[in-house]
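Coordinates as given in structure-v6.pdb (PDB, C-alpha atoms, pLDDT in the B column):
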```
ATOM      1  CA  MET W 180       9.573 -24.382  -8.000  1.00 83.00           C
ATOM      2  CA  LYS W 181       6.560 -23.976 -10.267  1.00 86.00           C
ATOM      3  CA  LYS W 182       5.350 -20.384 -10.571  1.00 83.00           C
ATOM      4  CA  VAL W 183       1.592 -20.195 -10.009  1.00 84.00           C
ATOM      5  CA  PHE W 184       1.113 -16.430  -9.718  1.00 81.00           C
ATOM      6  CA  SER W 185       2.766 -13.607 -11.629  1.00 86.00           C
ATOM      7  CA  ARG W 186       2.234 -10.132 -12.993  1.00 88.00           C
ATOM      8  CA  PRO W 187      -0.132 -10.091 -15.998  1.00 92.00           C
ATOM      9  CA  LYS W 188       1.805  -9.574 -19.202  1.00 94.00           C
ATOM     10  CA  LEU W 189      -0.567  -6.769 -20.165  1.00 96.00           C
ATOM     11  CA  LEU W 190       0.415  -4.679 -17.145  1.00 96.00           C
ATOM     12  CA  LYS W 191       3.481  -2.618 -17.934  1.00 95.00           C
ATOM     13  CA  PRO W 192       6.299  -2.806 -15.333  1.00 93.00           C
ATOM     14  CA  ASN W 193       5.706   0.751 -14.147  1.00 94.00           C
ATOM     15  CA  PRO W 194       5.167   1.754 -10.505  1.00 93.00           C
ATOM     16  CA  PHE W 195       1.560   2.775  -9.865  1.00 93.00           C
ATOM     17  CA  HIS W 196       1.031   6.416  -8.978  1.00 94.00           C
ATOM     18  CA  TYR W 197      -2.082   5.587  -6.959  1.00 95.00           C
ATOM     19  CA  CYS W 198      -2.268   6.213  -3.211  1.00 94.00           C
ATOM     20  CA  PRO W 199      -1.624   3.286  -0.837  1.00 94.00           C
ATOM     21  CA  GLY W 200      -4.803   1.240  -0.419  1.00 95.00           C
ATOM     22  CA  CYS W 201      -6.485   2.615  -3.553  1.00 96.00           C
ATOM     23  CA  GLY W 202      -8.579   0.108  -5.467  1.00 96.00           C
ATOM     24  CA  HIS W 203      -7.414   1.235  -8.910  1.00 96.00           C
ATOM     25  CA  SER W 204      -4.304  -0.931  -8.825  1.00 95.00           C
ATOM     26  CA  LEU W 205      -6.362  -4.027  -7.998  1.00 96.00           C
ATOM     27  CA  LEU W 206      -8.840  -3.275 -10.752  1.00 97.00           C
ATOM     28  CA  HIS W 207      -6.062  -2.610 -13.263  1.00 97.00           C
ATOM     29  CA  ARG W 208      -4.759  -6.088 -12.585  1.00 97.00           C
ATOM     30  CA  VAL W 209      -8.229  -7.613 -12.963  1.00 98.00           C
ATOM     31  CA  VAL W 210      -8.833  -5.942 -16.327  1.00 98.00           C
ATOM     32  CA  ALA W 211      -5.372  -6.912 -17.611  1.00 98.00           C
ATOM     33  CA  GLU W 212      -5.883 -10.529 -16.534  1.00 97.00           C
ATOM     34  CA  VAL W 213      -9.266 -10.751 -18.256  1.00 98.00           C
ATOM     35  CA  ILE W 214      -7.982  -9.349 -21.541  1.00 98.00           C
ATOM     36  CA  GLU W 215      -4.995 -11.696 -21.388  1.00 97.00           C
ATOM     37  CA  GLU W 216      -7.122 -14.752 -20.606  1.00 97.00           C
ATOM     38  CA  MET W 217      -9.509 -13.875 -23.441  1.00 98.00           C
ATOM     39  CA  GLU W 218      -6.485 -13.509 -25.755  1.00 97.00           C
ATOM     40  CA  ALA W 219      -7.944 -10.157 -26.750  1.00 98.00           C
ATOM     41  CA  ASP W 220      -4.830  -7.996 -26.406  1.00 97.00           C
ATOM     42  CA  GLU W 221      -4.622  -7.382 -30.165  1.00 97.00           C
ATOM     43  CA  ILE W 222      -8.213  -6.081 -30.329  1.00 98.00           C
ATOM     44  CA  ALA W 223      -8.532  -4.329 -26.959  1.00 98.00           C
ATOM     45  CA  ILE W 224      -8.774  -0.529 -26.858  1.00 98.00           C
ATOM     46  CA  GLY W 225      -9.054   1.276 -23.529  1.00 98.00           C
ATOM     47  CA  ILE W 226     -10.430   4.778 -23.007  1.00 97.00           C
ATOM     48  CA  PRO W 227      -9.192   6.395 -19.763  1.00 94.00           C
ATOM     49  CA  PRO W 228     -10.733   9.631 -18.425  1.00 85.00           C
ATOM     50  CA  ALA W 229      -9.735  12.739 -16.585  1.00 87.00           C
ATOM     51  CA  GLY W 230      -9.339  11.807 -12.925  1.00 87.00           C
ATOM     52  CA  CYS W 231      -7.193   9.477 -10.878  1.00 90.00           C
ATOM     53  CA  ALA W 232      -6.947   6.991 -13.758  1.00 90.00           C
ATOM     54  CA  VAL W 233      -5.908   9.616 -16.304  1.00 91.00           C
ATOM     55  CA  LEU W 234      -2.511   7.878 -16.609  1.00 92.00           C
ATOM     56  CA  ALA W 235      -3.970   4.411 -17.195  1.00 94.00           C
ATOM     57  CA  TYR W 236      -2.122   4.256 -20.515  1.00 94.00           C
ATOM     58  CA  ASN W 237       1.088   4.026 -18.478  1.00 95.00           C
ATOM     59  CA  TYR W 238      -0.055   0.677 -17.102  1.00 96.00           C
ATOM     60  CA  PHE W 239      -2.142  -1.208 -19.686  1.00 97.00           C
ATOM     61  CA  ASP W 240      -0.124  -2.687 -22.538  1.00 97.00           C
ATOM     62  CA  VAL W 241      -2.968  -2.407 -25.032  1.00 97.00           C
ATOM     63  CA  ASP W 242      -4.037   0.398 -27.344  1.00 98.00           C
ATOM     64  CA  MET W 243      -5.379   3.377 -25.383  1.00 97.00           C
ATOM     65  CA  GLY W 244      -7.144   6.588 -26.358  1.00 94.00           C
ATOM     66  CA  GLU W 245      -7.524   9.428 -23.843  1.00 93.00           C
ATOM     67  CA  ALA W 246     -10.959  11.043 -23.504  1.00 95.00           C
ATOM     68  CA  ALA W 247     -11.836  14.546 -22.391  1.00 94.00           C
ATOM     69  CA  HIS W 248     -13.478  14.764 -18.964  1.00 93.00           C
ATOM     70  CA  GLY W 249     -16.700  12.742 -19.006  1.00 93.00           C
ATOM     71  CA  ARG W 250     -16.566  11.927 -22.696  1.00 96.00           C
ATOM     72  CA  GLY W 251     -15.435   8.318 -22.362  1.00 96.00           C
ATOM     73  CA  ALA W 252     -18.628   6.766 -23.717  1.00 97.00           C
ATOM     74  CA  ALA W 253     -18.708   9.226 -26.628  1.00 97.00           C
ATOM     75  CA  LEU W 254     -15.119   8.466 -27.649  1.00 97.00           C
ATOM     76  CA  ALA W 255     -15.650   4.733 -27.158  1.00 98.00           C
ATOM     77  CA  THR W 256     -18.743   4.907 -29.360  1.00 98.00           C
ATOM     78  CA  GLY W 257     -16.743   6.414 -32.211  1.00 98.00           C
ATOM     79  CA  VAL W 258     -13.922   3.895 -31.828  1.00 98.00           C
ATOM     80  CA  LYS W 259     -16.299   0.930 -31.705  1.00 98.00           C
ATOM     81  CA  ARG W 260     -18.277   2.058 -34.740  1.00 98.00           C
ATOM     82  CA  VAL W 261     -15.090   2.407 -36.774  1.00 98.00           C
ATOM     83  CA  LEU W 262     -13.635  -0.858 -35.414  1.00 98.00           C
ATOM     84  CA  PRO W 263     -16.700  -2.999 -34.623  1.00 98.00           C
ATOM     85  CA  ASP W 264     -14.675  -6.200 -34.165  1.00 98.00           C
ATOM     86  CA  HIS W 265     -12.561  -4.683 -31.373  1.00 98.00           C
ATOM     87  CA  LEU W 266     -13.026  -4.870 -27.606  1.00 98.00           C
ATOM     88  CA  VAL W 267     -13.576  -1.253 -26.554  1.00 98.00           C
ATOM     89  CA  PHE W 268     -13.818  -0.267 -22.901  1.00 98.00           C
ATOM     90  CA  THR W 269     -13.829   2.924 -20.880  1.00 98.00           C
ATOM     91  CA  TYR W 270     -12.295   3.176 -17.424  1.00 97.00           C
ATOM     92  CA  GLN W 271     -13.989   5.997 -15.496  1.00 96.00           C
ATOM     93  CA  GLY W 272     -14.354   7.274 -11.954  1.00 95.00           C
ATOM     94  CA  ASP W 273     -17.631   8.397 -10.409  1.00 95.00           C
ATOM     95  CA  GLY W 274     -16.827  12.093 -10.846  1.00 91.00           C
ATOM     96  CA  ASP W 275     -16.215  11.459 -14.537  1.00 94.00           C
ATOM     97  CA  ILE W 276     -18.974   9.054 -15.550  1.00 96.00           C
ATOM     98  CA  ALA W 277     -21.709  10.121 -13.113  1.00 95.00           C
ATOM     99  CA  ALA W 278     -21.231  13.912 -13.191  1.00 94.00           C
ATOM    100  CA  ILE W 279     -19.908  15.628 -16.310  1.00 94.00           C
ATOM    101  CA  GLY W 280     -20.254  12.395 -18.293  1.00 95.00           C
ATOM    102  CA  THR W 281     -23.835  11.527 -17.347  1.00 96.00           C
ATOM    103  CA  ALA W 282     -25.385  12.543 -20.670  1.00 96.00           C
ATOM    104  CA  GLU W 283     -22.832  10.715 -22.818  1.00 97.00           C
ATOM    105  CA  THR W 284     -23.194   7.559 -20.733  1.00 98.00           C
ATOM    106  CA  VAL W 285     -26.997   7.525 -20.587  1.00 98.00           C
ATOM    107  CA  HIS W 286     -27.402   8.037 -24.321  1.00 98.00           C
ATOM    108  CA  ALA W 287     -24.710   5.485 -25.204  1.00 98.00           C
ATOM    109  CA  ALA W 288     -26.575   2.951 -23.079  1.00 98.00           C
ATOM    110  CA  ASN W 289     -29.925   3.900 -24.557  1.00 98.00           C
ATOM    111  CA  ARG W 290     -28.569   3.527 -28.092  1.00 98.00           C
ATOM    112  CA  GLY W 291     -27.201   0.117 -27.181  1.00 98.00           C
ATOM    113  CA  GLU W 292     -23.635   0.983 -28.120  1.00 98.00           C
ATOM    114  CA  LYS W 293     -21.520  -2.175 -28.076  1.00 98.00           C
ATOM    115  CA  ILE W 294     -19.008  -0.877 -25.540  1.00 98.00           C
ATOM    116  CA  THR W 295     -18.134  -1.666 -21.931  1.00 98.00           C
ATOM    117  CA  CYS W 296     -17.847   0.986 -19.234  1.00 98.00           C
ATOM    118  CA  ILE W 297     -15.828   0.154 -16.141  1.00 98.00           C
ATOM    119  CA  PHE W 298     -17.165   2.522 -13.497  1.00 98.00           C
ATOM    120  CA  VAL W 299     -14.956   2.976 -10.423  1.00 97.00           C
ATOM    121  CA  ASN W 300     -17.108   4.306  -7.579  1.00 97.00           C
ATOM    122  CA  ASN W 301     -15.249   5.547  -4.498  1.00 96.00           C
ATOM    123  CA  ALA W 302     -17.921   8.093  -3.489  1.00 96.00           C
ATOM    124  CA  VAL W 303     -15.646  11.125  -3.752  1.00 95.00           C
ATOM    125  CA  TYR W 304     -13.662  13.226  -6.210  1.00 92.00           C
ATOM    126  CA  GLY W 305     -10.250  11.647  -5.737  1.00 87.00           C
ATOM    127  CA  MET W 306      -7.739  13.552  -7.841  1.00 84.00           C
ATOM    128  CA  THR W 307      -8.990  17.109  -7.317  1.00 84.00           C
ATOM    129  CA  GLY W 308      -9.115  17.287  -3.532  1.00 87.00           C
ATOM    130  CA  GLY W 309     -11.875  15.143  -2.081  1.00 87.00           C
ATOM    131  CA  GLN W 310     -14.962  17.148  -3.035  1.00 94.00           C
ATOM    132  CA  MET W 311     -18.487  15.752  -2.849  1.00 95.00           C
ATOM    133  CA  ALA W 312     -19.275  13.561  -5.849  1.00 95.00           C
ATOM    134  CA  PRO W 313     -22.639  12.449  -7.272  1.00 96.00           C
ATOM    135  CA  THR W 314     -22.061   9.151  -5.447  1.00 97.00           C
ATOM    136  CA  THR W 315     -21.107  10.621  -2.056  1.00 97.00           C
ATOM    137  CA  ILE W 316     -23.424   8.921   0.449  1.00 97.00           C
ATOM    138  CA  LEU W 317     -25.664  10.683   2.954  1.00 97.00           C
ATOM    139  CA  GLY W 318     -23.762  11.793   6.033  1.00 96.00           C
ATOM    140  CA  GLN W 319     -20.368  11.430   4.342  1.00 96.00           C
ATOM    141  CA  PRO W 320     -18.049  14.406   4.991  1.00 95.00           C
ATOM    142  CA  THR W 321     -16.045  15.790   2.087  1.00 95.00           C
ATOM    143  CA  THR W 322     -14.110  18.991   1.509  1.00 94.00           C
ATOM    144  CA  THR W 323     -17.252  20.613   0.089  1.00 94.00           C
ATOM    145  CA  SER W 324     -19.657  18.978   2.565  1.00 94.00           C
ATOM    146  CA  PRO W 325     -17.611  19.057   5.791  1.00 94.00           C
ATOM    147  CA  GLY W 326     -20.661  18.398   7.928  1.00 95.00           C
ATOM    148  CA  GLY W 327     -21.733  15.438   5.800  1.00 96.00           C
ATOM    149  CA  ARG W 328     -23.968  15.213   2.745  1.00 97.00           C
ATOM    150  CA  THR W 329     -27.657  15.909   3.332  1.00 96.00           C
ATOM    151  CA  GLY W 330     -30.487  15.088   0.971  1.00 95.00           C
ATOM    152  CA  ASN W 331     -32.319  18.406   1.353  1.00 96.00           C
ATOM    153  CA  ARG W 332     -29.273  20.569   0.676  1.00 95.00           C
ATOM    154  CA  ASP W 333     -27.122  18.420  -1.619  1.00 95.00           C
ATOM    155  CA  GLY W 334     -29.478  15.926  -3.204  1.00 95.00           C
ATOM    156  CA  PHE W 335     -29.161  12.186  -2.925  1.00 97.00           C
ATOM    157  CA  PRO W 336     -26.475   9.732  -4.085  1.00 97.00           C
ATOM    158  CA  LEU W 337     -26.924   8.959  -7.764  1.00 97.00           C
ATOM    159  CA  ASN W 338     -27.573   5.306  -8.555  1.00 98.00           C
ATOM    160  CA  LEU W 339     -26.263   5.491 -12.098  1.00 98.00           C
ATOM    161  CA  SER W 340     -26.207   1.751 -12.708  1.00 98.00           C
ATOM    162  CA  GLU W 341     -29.878   1.381 -11.842  1.00 98.00           C
ATOM    163  CA  MET W 342     -30.665   4.342 -14.102  1.00 98.00           C
ATOM    164  CA  LEU W 343     -28.810   2.769 -17.001  1.00 98.00           C
ATOM    165  CA  ALA W 344     -30.526  -0.575 -16.460  1.00 98.00           C
ATOM    166  CA  VAL W 345     -33.895   0.868 -17.546  1.00 98.00           C
ATOM    167  CA  THR W 346     -32.544   1.948 -20.921  1.00 98.00           C
ATOM    168  CA  ARG W 347     -33.535  -0.447 -23.665  1.00 97.00           C
ATOM    169  CA  GLY W 348     -30.059  -0.616 -25.152  1.00 98.00           C
ATOM    170  CA  SER W 349     -28.282  -1.817 -22.018  1.00 98.00           C
ATOM    171  CA  ALA W 350     -27.526  -5.539 -21.961  1.00 98.00           C
ATOM    172  CA  TYR W 351     -25.529  -6.233 -18.814  1.00 98.00           C
ATOM    173  CA  ILE W 352     -24.919  -4.165 -15.677  1.00 98.00           C
ATOM    174  CA  GLU W 353     -23.404  -5.452 -12.434  1.00 98.00           C
ATOM    175  CA  ARG W 354     -22.047  -3.837  -9.273  1.00 98.00           C
ATOM    176  CA  THR W 355     -19.101  -5.437  -7.492  1.00 98.00           C
ATOM    177  CA  SER W 356     -16.270  -4.370  -5.180  1.00 98.00           C
ATOM    178  CA  VAL W 357     -12.517  -4.803  -4.744  1.00 98.00           C
ATOM    179  CA  THR W 358     -12.426  -4.697  -0.943  1.00 98.00           C
ATOM    180  CA  THR W 359     -12.119  -8.451  -0.321  1.00 97.00           C
ATOM    181  CA  PRO W 360     -10.695 -11.468  -2.198  1.00 97.00           C
ATOM    182  CA  ALA W 361     -14.258 -12.644  -2.882  1.00 98.00           C
ATOM    183  CA  GLY W 362     -15.168  -9.218  -4.221  1.00 98.00           C
ATOM    184  CA  ILE W 363     -12.131  -9.165  -6.495  1.00 98.00           C
ATOM    185  CA  ARG W 364     -13.063 -12.581  -7.887  1.00 98.00           C
ATOM    186  CA  ALA W 365     -16.630 -11.387  -8.512  1.00 98.00           C
ATOM    187  CA  THR W 366     -15.285  -8.280 -10.220  1.00 98.00           C
ATOM    188  CA  LYS W 367     -13.112 -10.338 -12.542  1.00 98.00           C
ATOM    189  CA  LYS W 368     -16.053 -12.565 -13.436  1.00 98.00           C
ATOM    190  CA  ALA W 369     -18.244  -9.525 -14.126  1.00 98.00           C
ATOM    191  CA  VAL W 370     -15.642  -7.787 -16.298  1.00 98.00           C
ATOM    192  CA  ARG W 371     -15.168 -10.920 -18.369  1.00 98.00           C
ATOM    193  CA  LYS W 372     -18.915 -11.360 -18.842  1.00 98.00           C
ATOM    194  CA  ALA W 373     -19.310  -7.709 -19.850  1.00 98.00           C
ATOM    195  CA  PHE W 374     -16.532  -8.083 -22.419  1.00 98.00           C
ATOM    196  CA  GLU W 375     -18.012 -11.309 -23.780  1.00 98.00           C
ATOM    197  CA  ILE W 376     -21.487  -9.790 -24.131  1.00 98.00           C
ATOM    198  CA  GLN W 377     -19.955  -6.797 -25.900  1.00 98.00           C
ATOM    199  CA  LEU W 378     -18.182  -9.030 -28.396  1.00 98.00           C
ATOM    200  CA  GLN W 379     -21.452 -10.884 -28.993  1.00 98.00           C
ATOM    201  CA  GLY W 380     -22.948  -7.552 -30.071  1.00 98.00           C
ATOM    202  CA  LEU W 381     -25.833  -7.675 -27.592  1.00 98.00           C
ATOM    203  CA  GLY W 382     -25.663  -4.087 -26.364  1.00 98.00           C
ATOM    204  CA  PHE W 383     -24.180  -1.730 -23.809  1.00 98.00           C
ATOM    205  CA  THR W 384     -22.428  -3.245 -20.785  1.00 98.00           C
ATOM    206  CA  LEU W 385     -21.160  -1.708 -17.544  1.00 98.00           C
ATOM    207  CA  VAL W 386     -19.448  -2.951 -14.412  1.00 98.00           C
ATOM    208  CA  GLU W 387     -19.598  -0.624 -11.416  1.00 98.00           C
ATOM    209  CA  VAL W 388     -16.826  -1.338  -8.911  1.00 98.00           C
ATOM    210  CA  LEU W 389     -16.990  -0.021  -5.344  1.00 98.00           C
ATOM    211  CA  SER W 390     -13.459   0.969  -4.424  1.00 97.00           C
ATOM    212  CA  PRO W 391     -11.795   2.442  -1.313  1.00 97.00           C
ATOM    213  CA  CYS W 392     -10.181   5.901  -1.339  1.00 96.00           C
ATOM    214  CA  PRO W 393      -8.267   5.977   1.964  1.00 96.00           C
ATOM    215  CA  THR W 394      -6.664   9.359   1.283  1.00 95.00           C
ATOM    216  CA  ASN W 395      -9.883  11.316   0.832  1.00 94.00           C
ATOM    217  CA  LEU W 396     -11.864   9.240   3.315  1.00 93.00           C
ATOM    218  CA  LYS W 397      -9.052  10.019   5.775  1.00 94.00           C
ATOM    219  CA  MET W 398      -8.940   6.384   6.868  1.00 95.00           C
ATOM    220  CA  SER W 399      -6.434   3.570   6.876  1.00 97.00           C
ATOM    221  CA  PRO W 400      -6.707   1.223   3.879  1.00 96.00           C
ATOM    222  CA  ALA W 401      -8.282  -1.464   6.099  1.00 97.00           C
ATOM    223  CA  ASP W 402     -10.822   0.961   7.559  1.00 97.00           C
ATOM    224  CA  ALA W 403     -11.621   2.351   4.104  1.00 97.00           C
ATOM    225  CA  CYS W 404     -12.411  -1.158   2.846  1.00 98.00           C
ATOM    226  CA  LYS W 405     -14.576  -1.772   5.896  1.00 98.00           C
ATOM    227  CA  TRP W 406     -16.410   1.514   5.285  1.00 97.00           C
ATOM    228  CA  VAL W 407     -17.196   0.481   1.716  1.00 98.00           C
ATOM    229  CA  ASP W 408     -18.468  -2.911   2.908  1.00 98.00           C
ATOM    230  CA  THR W 409     -20.592  -1.592   5.786  1.00 97.00           C
ATOM    231  CA  GLU W 410     -21.711   1.903   4.730  1.00 97.00           C
ATOM    232  CA  MET W 411     -21.413   2.377   1.000  1.00 98.00           C
ATOM    233  CA  VAL W 412     -23.196  -0.855   0.097  1.00 98.00           C
ATOM    234  CA  ASN W 413     -26.325   0.429   1.853  1.00 97.00           C
ATOM    235  CA  PHE W 414     -26.698   2.954  -0.968  1.00 97.00           C
ATOM    236  CA  PHE W 415     -25.102   0.867  -3.723  1.00 98.00           C
ATOM    237  CA  PRO W 416     -26.021  -2.808  -3.182  1.00 98.00           C
ATOM    238  CA  LEU W 417     -23.806  -5.380  -4.870  1.00 98.00           C
ATOM    239  CA  GLY W 418     -25.042  -7.789  -7.498  1.00 98.00           C
ATOM    240  CA  VAL W 419     -26.323  -8.149 -11.057  1.00 98.00           C
ATOM    241  CA  ILE W 420     -28.668  -5.302 -11.907  1.00 98.00           C
ATOM    242  CA  LYS W 421     -29.459  -6.323 -15.485  1.00 98.00           C
ATOM    243  CA  ASP W 422     -28.491  -9.287 -17.637  1.00 98.00           C
ATOM    244  CA  ILE W 423     -30.451  -9.914 -20.817  1.00 97.00           C
ATOM    245  CA  THR W 424     -28.691 -13.268 -21.233  1.00 96.00           C
ATOM    246  CA  ALA W 425     -30.169 -14.598 -17.989  1.00 92.00           C
ATOM    247  CA  PRO W 426     -33.164 -16.939 -18.461  1.00 84.00           C
ATOM    248  CA  GLN W 427     -35.421 -14.938 -16.126  1.00 66.00           C
ATOM    249  CA  GLU W 428     -35.041 -11.691 -18.049  1.00 49.00           C
ATOM    250  CA  ASN W 429     -37.863 -10.406 -20.244  1.00 49.00           C
ATOM    251  CA  HIS W 430     -36.301  -9.989 -23.688  1.00 47.00           C
ATOM    252  CA  ASP W 431     -39.334  -8.418 -25.354  1.00 46.00           C
ATOM    253  CA  ALA W 432     -37.935  -4.883 -25.132  1.00 44.00           C
ATOM    254  CA  HIS W 433     -34.632  -5.884 -26.673  1.00 44.00           C
TER     255      HIS W 433
END
```
Could you render the structure as structure tokens?
Amino acid sequence: MKKVFSRPKLLKPNPFHYCPGCGHSLLHRVVAEVIEEMEADEIAIGIPPAGCAVLAYNYFDVDMGEAAHGRGAALATGVKRVLPDHLVFTYQGDGDIAAIGTAETVHAANRGEKITCIFVNNAVYGMTGGQMAPTTILGQPTTTSPGGRTGNRDGFPLNLSEMLAVTRGSAYIERTSVTTPAGIRATKKAVRKAFEIQLQGLGFTLVEVLSPCPTNLKMSPADACKWVDTEMVNFFPLGVIKDITAPQENHDAH
């Protein structure tokens, strides 16, 4: 029988440590498939963060360099400037990239650093106990907002991707999800485009991926996916946010 589906060769044969229903394992596969299909394994360098994906180097069979909490874009900038012909990507959760790492990410985008940030948004601090994150949506209960997030007390969910889109150095930003087969396909397409634009030297690229966290949402995996699709997307709508390669874009600022 002809084999039509198999484990990507760039995923090491190690059991994932992620919770059942977590989107990280799906996204790991997507990223590994894209690098493999682009035949970029010899030039790919991943930068994992502090957080749930801190052990990403156990799974990706490419060169990896661990970053301090929130410093993914800063480390990736240094790596890319030393090795400009390499494919350099960060892999960061919302508590990493949109909280302690906000400054590094905003300025990397504004400088037009030729890196790709993969931003996993599950609306909660996953590894450290389910605290409210910058991306926690209004009304969402967490361990530090048990009655639900309110705008007056806690501030509003941070739309980091839209913020980065207004920087002149950003070239491509898209928000996708991994809650459905269609969403996974869209995510793979977005990751590949971000990598291709990076290698063309056009500027900073980012793919934000909405991902379920059943453990901290205290839901079944199916219900967590449904929550992302029905509640989270109201604050973080899916789609291309910026693409300077699209014909309708105004390129004057770039």
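Here, the PyMOL selection byres ((chain W and resi 225) around 7) matches Ala223, Ile224, Ile226, Pro227, Asp242, Met243, Gly244, Val267, Phe268 and Thr269 of chain W.
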Discussion item. Taking all atoms listed in the file into account, name the residue in W:His265, W:His248, W:Lys293, W:Lys188 that is nearest to Gly380 (chain W).
Written reply: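 Between W:His265, W:His248, W:Lys293, W:Lys188, the residue approaching Gly380 (chain W) most closely is W:Lys293.
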Worksheet item: Applied to the shown file, which residues does the PyMOL selection byres ((chain W and resi 388) around 8) return, written as a PyMOL selection string?
Response: chain W and resi 297-300+354-357+366+386-387+389-390
Worksheet item: Hey, what comes out of the PyMOL selection byres ((chain W and resi 264) around 12) on this file? Could you write it as a PyMOL selection string?
Response: chain W and resi 219+221-224+258-263+265-267+293-294+377-380
Fill in: Counting all atoms listed in the file, the option among W:Leu343, W:Ala253, W:Val303, W:Val210 closest to Val370 (chain W)
W:Val210
Practice prompt. Enumerate, as a count of residues only, the protein, DNA and RNA residues whose atoms approach (-13.9, -14.7, -17.8) to within 10 Å, taking into account only C-alpha atoms and the coordinate frame of the file.
Written response: 14
Item to complete: May I have the residues within 9 Å of Glu292 (chain W) as a ChimeraX atom specification, using all atoms listed in the file and disregarding those fewer than 5 positions away in the same chain?
Response: /W:252,255-256,259-260,286-287,348-349,377,380-384
Worksheet item: From the set W:Pro336, W:Pro400, W:Gly291, W:Pro360, which residue has the shortest atom-to-atom contact distance to Ile376 (chain W), counting only C-alpha atoms?
Response: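 For Ile376 (chain W), the nearest of the candidates is W:Gly291.
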Item to complete: Considering all atoms listed in the file, state which residue in the set W:Val412, W:Ala288, W:Met342, W:Ile276 is at the smallest distance from Gly230 (chain W).
Response: W:Ile276
Discussion item. I need the residue nearest Thr307 (chain W) from this list: W:Asn237, W:Thr424, W:Thr321, W:Asn193. Use only C-alpha atoms for the distance.
Written reply: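 The closest residue to Thr307 (chain W) is W:Thr321.
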Fill in: Spatial neighbours of Leu339 (chain W), max dist 9 Å, all atoms listed in the file, sep filter under 2 positions, as a PyMOL selection string
chain W and resi 276-277+281+285+314+337+341-344
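With CA of Met411 (chain W) on one side and CA of Ile423 (chain W) on the other, the separation reads 26.6 Å.
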Item to complete: Would you mind telling me which residue in W:Gly418, W:Gly280, W:Pro391, W:Pro199 lies nearest to Cys296 (chain W) when using only C-alpha atoms?
Response: W:Gly280
